[in-house]
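See below for the structure under consideration.
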Number of protein chains: 4
Amino acid sequence: MIQVGIIGATGYTGGELIRILQDHPNVEITLITSTTYAGQAISDIYGNLRGSCDLICQDIGIEQASQQCDILFLALPHGIASHHVTGQILKNCRIVDLGADYRLQDPAIYTTWYHTEHGSPELLDQAVYGLCEWERSTIAQRRLIANPGCYTTCSILSLAPLVKEGLIELDTIIIDAKSGVSGAGRKASQGTHYAACNESIKAYAVASHRHTPEIEEQLSTVAGTPITISFTPHLVPMNRGILTTAYASLTDGVTADEVTAAYRKYYGNERFIRLLPYGVFPETRWVKGSNMCDIGLVIDERTGRIIVGGALDNLIKGASGQAIQNMNILFGLPEDTGLHQVAGFPY
Amino acid sequence: MIQVGIIGATGYTGGELIRILQDHPNVEITLITSTTYAGQAISDIYGNLRGSCDLICQDIGIEQASQQCDILFLALPHGIASHHVTGQILKNCRIVDLGADYRLQDPAIYTTWYHTEHGSPELLDQAVYGLCEWERSTIAQRRLIANPGCYTTCSILSLAPLVKEGLIELDTIIIDAKSGVSGAGRKASQGTHYAACNESIKAYAVASHRHTPEIEEQLSTVAGTPITISFTPHLVPMNRGILTTAYASLTDGVTADEVTAAYRKYYGNERFIRLLPYGVFPETRWVKGSNMCDIGLVIDERTGRIIVGGALDNLIKGASGQAIQNMNILFGLPEDTGLHQVAGFPY
Amino acid sequence: MIQVGIIGATGYTGGELIRILQDHPNVEITLITSTTYAGQAISDIYGNLRGSCDLICQDIGIEQASQQCDILFLALPHGIASHHVTGQILKNCRIVDLGADYRLQDPAIYTTWYHTEHGSPELLDQAVYGLCEWERSTIAQRRLIANPGCYTTCSILSLAPLVKEGLIELDTIIIDAKSGVSGAGRKASQGTHYAACNESIKAYAVASHRHTPEIEEQLSTVAGTPITISFTPHLVPMNRGILTTAYASLTDGVTADEVTAAYRKYYGNERFIRLLPYGVFPETRWVKGSNMCDIGLVIDERTGRIIVGGALDNLIKGASGQAIQNMNILFGLPEDTGLHQVAGFPY
Amino acid sequence: MIQVGIIGATGYTGGELIRILQDHPNVEITLITSTTYAGQAISDIYGNLRGSCDLICQDIGIEQASQQCDILFLALPHGIASHHVTGQILKNCRIVDLGADYRLQDPAIYTTWYHTEHGSPELLDQAVYGLCEWERSTIAQRRLIANPGCYTTCSILSLAPLVKEGLIELDTIIIDAKSGVSGAGRKASQGTHYAACNESIKAYAVASHRHTPEIEEQLSTVAGTPITISFTPHLVPMNRGILTTAYASLTDGVTADEVTAAYRKYYGNERFIRLLPYGVFPETRWVKGSNMCDIGLVIDERTGRIIVGGALDNLIKGASGQAIQNMNILFGLPEDTGLHQVAGFPY
């Protein structure tokens, strides 16, 4: 059995890791940590886990944890992990970091968008961006996985085939994204108050959201040339789900057949990506509770633009599910081990 | 592998049966039927199932279906099953009826509350009320299971220990129940329109809801004497979940210890019932997506009443999950086979 | 023009007072106060008010405020008002206290339920419980109005005619109440986090909610004899609205006609109470945004109980609207001045 | 008093017209019609109106109605009005059509997008597009007003200053729009079922929504040159509200000061448009229940694009409120007569 530790277990992604791993046949959760809730049972915080996982939150550091576990999931706010992960820790165990610290290859860009110094830029070379469908062969060889952000996963999966195959004008990409409130995390604030979110929608962090450079860096890598995008997130009154609606001008002469062929080429055999029939757009309800990413698209002949929709569960494929998928790759397990949950309806 | 057929597969309970059974190791769904959607893939109706179950809805009757399957789940509106199930069908296969037709032992009471004749009163003796925690030994010996209603399951599980042990005045039981909108089914109507339900709560069917006699009959059996109750359902703006808040006057001299001992006696070892610490009340969010029923209670010394809260997922423990639990009993499988899903949060 | 001051203007009830008073022809808001937001425009906190009321929050005390205004609305947490209101302040201006401090006549009961000493028990005699429909003649003669709680208003209005006319057994009253999340106030906490409330329902403060003694005291006054009740509040995933479902055993021989006659007797001419046809139950959506209280009922012949439903907007008839209604009474204005808003649908 | 008739009174926009007009000092509603609900009181359908407006729905046609009223509001599905409105009717009374039939000047475009023939193309010249802020002088002189669509109002108001002043590249306009469910109307369907909308978001009618040509035609008029846009609507789980997020490339050299000056030029004195501080984006909660349109924007220096957010209440500024604003213009009343409602919070 793989000995798993979860650092920062009381956030939503920590809670989901614990829940999903209950069904994983090769895993034993041996350690969960929390500074705030040290000494409390996780099931006192997450009543859903009562009877399934009643582990007590420990207040121990990453280094000590790394000596007890085969793999650590770090579910921490940005700016913490990079100050604690070390080369020695990576020798002790594998790390899947659900935070932002190792997602950007360039520490200067990290500082620009996160307004803090990176704590361990020397480790960036050892990290790999854990977007499983595009990086699985590299992931398998690394010990430090930067699990992608929720908006990012949906955005990149939606657009990468077009970028890779040169089917769109790269300077025309606009991603209009929508997220459920759990994307803002468990911390109580005026912004996450029920009455502040319910029955309203808004854009936020317009032209300044931190997932922007993450999307750009990854799509640039796919394209082989730098890409700048517009990315606008919105807060939607629902618990879960990411929907991205991406716009780009098609390269001259590109046909619908070429477009759908590109998606089939890269995703036709993917376990966790469902390509919808041409013209059918995804809905977050069909992926909620699963590790799936649904993608649909249409070409608007009037404007020469392609519109691509992506949908996933921000806490699963956008966080904890993909983290487990990464773990499966790291340990040579079938990628969908423990991740077979089908979305429920109506959830 | 158990060959399973689902009659009326396109309602919510049908959809949930299919979804949950994807994870059941001993089952193969070999038949799904629908009159309305005959010829269509179930995954065109329930996009969550796309890729997991793409079976085509057949338009065949129960008799024919019974020849192809080891067990049929009937997910039909009330008043249909009893006109189609026959002794021959029960010889062909086992039946778990998720509808109301075989829940009431007395066909006269059925007619009073459902305003229609019962189609096969001669089969009532062969039916068993499929409340697993109270009837499992009988269930194991029958071939016709009347799967309980959602409100009913929550109400009876919450109150039965008090009734059984004589701890409350039987003529003082009041159950104030609250349900998510999926309890009203998939049919579109003014009453299930988004804007009619959202941001509002109401009582409905006050003093006339059809789950009333079902609760009464079962509690009367437990008590060994006839019981009449007040039952008031409410519609709550959420997808899923049943919460029951039950009131009763304690029998003179009953203590909190006696009460908690009674619950431990009947439920202490139940896989799908979680007894909360004294004074802690259940919340539907902690059971959503699972087959659990959470129960909490407190004694109000000022009034001499006990207040008991129950919570379950109306589509799982209140319908499809319990139906599968019944199937497991029927086939001698561990009761929780395929039913290990832990509630997610926030769902 | 009546010079109005609002003490603690940045809570929900403060915001609603400001909003509703924009339409009041006899009022000028001259002062709004807040300790936390002193120096900020109220419209920076409540964007809905932008352009309608851009007053700056002042950080001044009740005494100073009382010298500048004809009436002060106190929208403060419990336990503050009673330590600041004085006889001199009541000479300076009229006070409508939206908090709990002057609602209970007996300071010992206040201490029992609120776990704090009352700051000015000597003023309790001067206070009147501001339930307009039952106390308007007294209100008109007082300068200190204890504006009723939201649950309380709905509960008392629903039951008082039955109590007054002796139509029910007084020791059988059970009130099962449901509230939208705004009832918990604007303060951010785990309990008011969007994801903690959304898609879930729970009971809370069972057998211990502070509106219980308030209901009991008022109904006891109506009855002329002490009454003890069961009161259970629930948190419902919606912004606004209170629904109460009350149960009581009818006195022997009471008929439906007597019951409906009692309600018509007390409420037949009330501007803000709508009696629904027999058997029709209220829904919060029909009162949301208005100062209305809807009441419906049915007699359950099987159990001899009457079930009475009440619905109101907790921030209007349950708080700020009724406060304005009280102000209108205090100043001899028609009671519905500025309170003519019709509930919108779908809100 | 202006005698008002509402044709098709039982849809959401009809209901809102009735509600808002309760507060209009110059209006008497003398006629409401409905085919489906003829003979029923409107307050039996819309319980919020009980006691405020209990008019009975009549089943009479537009021509007969036009003889009884000074103005008719047509709240009908598209394709009906144009087959019934005649020159004679326009002599009898003024018409504000809340439907689509007279919004497009070119009947061929109407047919292309609505797949039906226009019933009275000869009247199109007499109609005016009733976007009050841009057409009020023309509106004042006409008798047939095509009240704009909800998405359209928000989109055009958001973008028109940029277009008018030549600040953006006209072929780069993309509008990503989000609507509450009431935008889909009151008709029950699988698509408007509570459980189908709640806890999910989706795009729909991508590259084919009928408000597209309406936006294009109006913006083209403003620009003085044909404009083609991308427009993608999304369904959001909330009752009300439209949010538009519009993207366009700035013309070379345009500064933020020029942009904000343009908005101030056109909207600085508008009663129903609120320009938010630079960088602040609108939220639908701040306009819900009011006739306001909030607009905010930011320039993304990295991409050279401007992002403009617009928000309004789809049933008020996006329908019934603007219809009343048009009526006020038609009758020479102050534009905000009866439209002073401030958005509530939390609604």
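Ligands are numbered from 1 in the order shown, chains are lettered A, B, ... in the order of the structure tokens, and residues start at 1 in each chain.
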
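Distance criterion 7 Å to chain B, applied with only C-alpha atoms, yields A:Arg19, A:Gly47, A:Asn48, A:Leu49, A:Asn239, A:Arg240, A:Trp286, A:Val287, A:Val342, A:Ala343, A:Gly344, A:Pro346, A:Tyr347 on chain A.
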
Where does DSSP see alpha helix (DSSP H) in segment 59-188 of chain B, if you list the residues as a tab-separated table (two decimals) with N, CA, C and O atoms, in the first residue's frame?
```
chain	number	residue	atom	x	y	z
B	62	ILE	N	-42.73	-5.38	-18.63
B	62	ILE	CA	-42.11	-6.01	-17.46
B	62	ILE	C	-42.01	-7.53	-17.65
B	62	ILE	O	-41.00	-8.15	-17.30
B	63	GLU	N	-43.05	-8.13	-18.22
B	63	GLU	CA	-43.02	-9.59	-18.37
B	63	GLU	C	-41.87	-10.04	-19.24
B	63	GLU	O	-41.09	-10.91	-18.86
B	64	GLN	N	-41.75	-9.41	-20.39
B	64	GLN	CA	-40.65	-9.76	-21.28
B	64	GLN	C	-39.29	-9.49	-20.61
B	64	GLN	O	-38.37	-10.30	-20.71
B	65	ALA	N	-39.23	-8.38	-19.94
B	65	ALA	CA	-37.98	-8.03	-19.26
B	65	ALA	C	-37.62	-9.06	-18.21
B	65	ALA	O	-36.45	-9.40	-18.01
B	66	SER	N	-38.66	-9.57	-17.54
B	66	SER	CA	-38.39	-10.51	-16.44
B	66	SER	C	-37.77	-11.81	-16.93
B	66	SER	O	-37.18	-12.55	-16.15
B	67	GLN	N	-37.94	-12.08	-18.22
B	67	GLN	CA	-37.35	-13.30	-18.78
B	67	GLN	C	-35.87	-13.13	-19.10
B	67	GLN	O	-35.15	-14.09	-19.33
B	68	GLN	N	-35.44	-11.87	-19.13
B	68	GLN	CA	-34.05	-11.61	-19.53
B	68	GLN	C	-33.14	-11.28	-18.35
B	68	GLN	O	-31.94	-11.16	-18.53
B	81	ALA	N	-47.06	-0.35	-11.65
B	81	ALA	CA	-46.44	-1.64	-11.33
B	81	ALA	C	-47.47	-2.70	-10.95
B	81	ALA	O	-47.42	-3.83	-11.44
B	82	SER	N	-48.41	-2.32	-10.10
B	82	SER	CA	-49.33	-3.34	-9.58
B	82	SER	C	-50.24	-3.90	-10.66
B	82	SER	O	-50.85	-4.95	-10.48
B	83	HIS	N	-50.34	-3.20	-11.78
B	83	HIS	CA	-51.15	-3.73	-12.88
B	83	HIS	C	-50.34	-4.60	-13.83
B	83	HIS	O	-50.89	-5.16	-14.76
B	84	HIS	N	-49.06	-4.69	-13.63
B	84	HIS	CA	-48.23	-5.47	-14.55
B	84	HIS	C	-47.49	-6.62	-13.89
B	84	HIS	O	-47.15	-7.60	-14.55
B	87	GLY	N	-47.60	-13.19	-10.64
B	87	GLY	CA	-46.91	-14.30	-10.00
B	87	GLY	C	-45.87	-14.93	-10.92
B	87	GLY	O	-44.79	-15.32	-10.49
B	88	GLN	N	-46.19	-15.01	-12.19
B	88	GLN	CA	-45.23	-15.57	-13.14
B	88	GLN	C	-43.96	-14.74	-13.21
B	88	GLN	O	-42.85	-15.26	-13.25
B	89	ILE	N	-44.16	-13.45	-13.24
B	89	ILE	CA	-42.99	-12.55	-13.31
B	89	ILE	C	-42.11	-12.77	-12.08
B	89	ILE	O	-40.89	-12.82	-12.19
B	90	LEU	N	-42.76	-12.93	-10.94
B	90	LEU	CA	-41.97	-13.14	-9.71
B	90	LEU	C	-41.27	-14.49	-9.71
B	90	LEU	O	-40.29	-14.68	-8.99
B	91	LYS	N	-41.78	-15.41	-10.51
B	91	LYS	CA	-41.03	-16.66	-10.68
B	91	LYS	C	-39.83	-16.44	-11.59
B	91	LYS	O	-38.76	-17.04	-11.41
B	92	ASN	N	-40.03	-15.59	-12.59
B	92	ASN	CA	-38.93	-15.35	-13.54
B	92	ASN	C	-37.75	-14.64	-12.90
B	92	ASN	O	-36.60	-14.93	-13.19
B	107	PRO	N	-54.84	-2.77	0.83
B	107	PRO	CA	-55.19	-2.13	-0.44
B	107	PRO	C	-56.25	-1.05	-0.30
B	107	PRO	O	-56.33	-0.14	-1.13
B	108	ALA	N	-57.05	-1.12	0.74
B	108	ALA	CA	-58.05	-0.08	0.95
B	108	ALA	C	-57.39	1.24	1.30
B	108	ALA	O	-57.80	2.32	0.83
B	109	ILE	N	-56.38	1.16	2.14
B	109	ILE	CA	-55.64	2.38	2.47
B	109	ILE	C	-54.94	2.92	1.23
B	109	ILE	O	-54.91	4.13	0.98
B	110	TYR	N	-54.42	2.03	0.42
B	110	TYR	CA	-53.80	2.44	-0.84
B	110	TYR	C	-54.79	3.24	-1.68
B	110	TYR	O	-54.49	4.33	-2.19
B	111	THR	N	-55.99	2.71	-1.80
B	111	THR	CA	-56.99	3.39	-2.62
B	111	THR	C	-57.38	4.73	-2.02
B	111	THR	O	-57.57	5.72	-2.75
B	112	THR	N	-57.48	4.78	-0.71
B	112	THR	CA	-57.85	6.03	-0.07
B	112	THR	C	-56.86	7.14	-0.38
B	112	THR	O	-57.22	8.27	-0.68
B	113	TRP	N	-55.58	6.81	-0.33
B	113	TRP	CA	-54.55	7.85	-0.47
B	113	TRP	C	-54.12	8.06	-1.91
B	113	TRP	O	-53.68	9.16	-2.27
B	114	TYR	N	-54.23	7.02	-2.74
B	114	TYR	CA	-53.75	7.15	-4.12
B	114	TYR	C	-54.90	7.30	-5.13
B	114	TYR	O	-54.65	7.50	-6.30
B	132	CYS	N	-34.28	-1.79	4.87
B	132	CYS	CA	-33.29	-2.84	5.11
B	132	CYS	C	-32.96	-3.04	6.58
B	132	CYS	O	-32.87	-4.18	7.06
B	133	GLU	N	-32.76	-1.95	7.30
B	133	GLU	CA	-32.30	-2.07	8.68
B	133	GLU	C	-33.33	-2.75	9.57
B	133	GLU	O	-32.97	-3.27	10.64
B	134	TRP	N	-34.58	-2.74	9.18
B	134	TRP	CA	-35.62	-3.34	10.02
B	134	TRP	C	-36.20	-4.62	9.45
B	134	TRP	O	-36.88	-5.36	10.15
B	135	GLU	N	-35.94	-4.87	8.18
B	135	GLU	CA	-36.62	-6.01	7.55
B	135	GLU	C	-35.68	-6.94	6.81
B	135	GLU	O	-36.13	-7.77	6.01
B	136	ARG	N	-34.40	-6.88	7.10
B	136	ARG	CA	-33.47	-7.59	6.22
B	136	ARG	C	-33.67	-9.10	6.21
B	136	ARG	O	-33.50	-9.74	5.17
B	137	SER	N	-34.06	-9.66	7.33
B	137	SER	CA	-34.21	-11.11	7.34
B	137	SER	C	-35.41	-11.53	6.48
B	137	SER	O	-35.35	-12.54	5.77
B	138	THR	N	-36.46	-10.78	6.51
B	138	THR	CA	-37.60	-11.09	5.65
B	138	THR	C	-37.28	-10.82	4.18
B	138	THR	O	-37.62	-11.59	3.29
B	139	ILE	N	-36.64	-9.70	3.95
B	139	ILE	CA	-36.27	-9.34	2.57
B	139	ILE	C	-35.52	-10.49	1.90
B	139	ILE	O	-35.79	-10.83	0.74
B	150	CYS	N	-38.82	8.14	0.13
B	150	CYS	CA	-37.69	8.89	0.67
B	150	CYS	C	-38.02	9.52	2.02
B	150	CYS	O	-37.29	9.36	2.99
B	151	TYR	N	-39.14	10.23	2.06
B	151	TYR	CA	-39.56	10.79	3.35
B	151	TYR	C	-39.73	9.69	4.39
B	151	TYR	O	-39.40	9.84	5.56
B	152	THR	N	-40.29	8.59	3.92
B	152	THR	CA	-40.61	7.50	4.82
B	152	THR	C	-39.38	6.89	5.44
B	152	THR	O	-39.34	6.66	6.65
B	153	THR	N	-38.40	6.61	4.62
B	153	THR	CA	-37.17	6.01	5.14
B	153	THR	C	-36.60	6.88	6.25
B	153	THR	O	-36.24	6.41	7.33
B	154	CYS	N	-36.51	8.16	5.98
B	154	CYS	CA	-35.91	9.08	6.95
B	154	CYS	C	-36.76	9.15	8.21
B	154	CYS	O	-36.25	9.14	9.33
B	155	SER	N	-38.07	9.20	8.04
B	155	SER	CA	-38.97	9.33	9.19
B	155	SER	C	-38.94	8.08	10.06
B	155	SER	O	-38.84	8.17	11.29
B	156	ILE	N	-39.05	6.93	9.42
B	156	ILE	CA	-39.12	5.70	10.21
B	156	ILE	C	-37.79	5.42	10.89
B	156	ILE	O	-37.74	5.09	12.08
B	157	LEU	N	-36.69	5.54	10.15
B	157	LEU	CA	-35.39	5.30	10.77
B	157	LEU	C	-35.20	6.22	11.98
B	157	LEU	O	-34.66	5.81	13.00
B	158	SER	N	-35.67	7.44	11.86
B	158	SER	CA	-35.49	8.40	12.96
B	158	SER	C	-36.29	8.03	14.20
B	158	SER	O	-35.86	8.31	15.32
B	159	LEU	N	-37.45	7.48	14.00
B	159	LEU	CA	-38.38	7.32	15.13
B	159	LEU	C	-38.52	5.89	15.64
B	159	LEU	O	-38.96	5.68	16.79
B	160	ALA	N	-38.18	4.93	14.84
B	160	ALA	CA	-38.50	3.54	15.20
B	160	ALA	C	-37.92	3.11	16.56
B	160	ALA	O	-38.63	2.43	17.33
B	161	PRO	N	-36.69	3.46	16.89
B	161	PRO	CA	-36.19	3.02	18.21
B	161	PRO	C	-37.03	3.55	19.36
B	161	PRO	O	-37.26	2.84	20.34
B	162	LEU	N	-37.47	4.79	19.25
B	162	LEU	CA	-38.31	5.36	20.32
B	162	LEU	C	-39.63	4.63	20.41
B	162	LEU	O	-40.14	4.37	21.51
B	163	VAL	N	-40.18	4.33	19.27
B	163	VAL	CA	-41.47	3.63	19.23
B	163	VAL	C	-41.32	2.21	19.77
B	163	VAL	O	-42.11	1.74	20.59
B	164	LYS	N	-40.30	1.55	19.28
B	164	LYS	CA	-40.08	0.16	19.64
B	164	LYS	C	-39.89	-0.01	21.15
B	164	LYS	O	-40.40	-0.96	21.76
```

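In this structure, atom CA of Arg143 of chain A sits 12.9 Å away from atom CA of Gly332 of chain A.
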
- Note on the structure: Here atom CA of Glu214 of chain B and atom CA of Thr251 of chain B stand apart by 24.1 Å
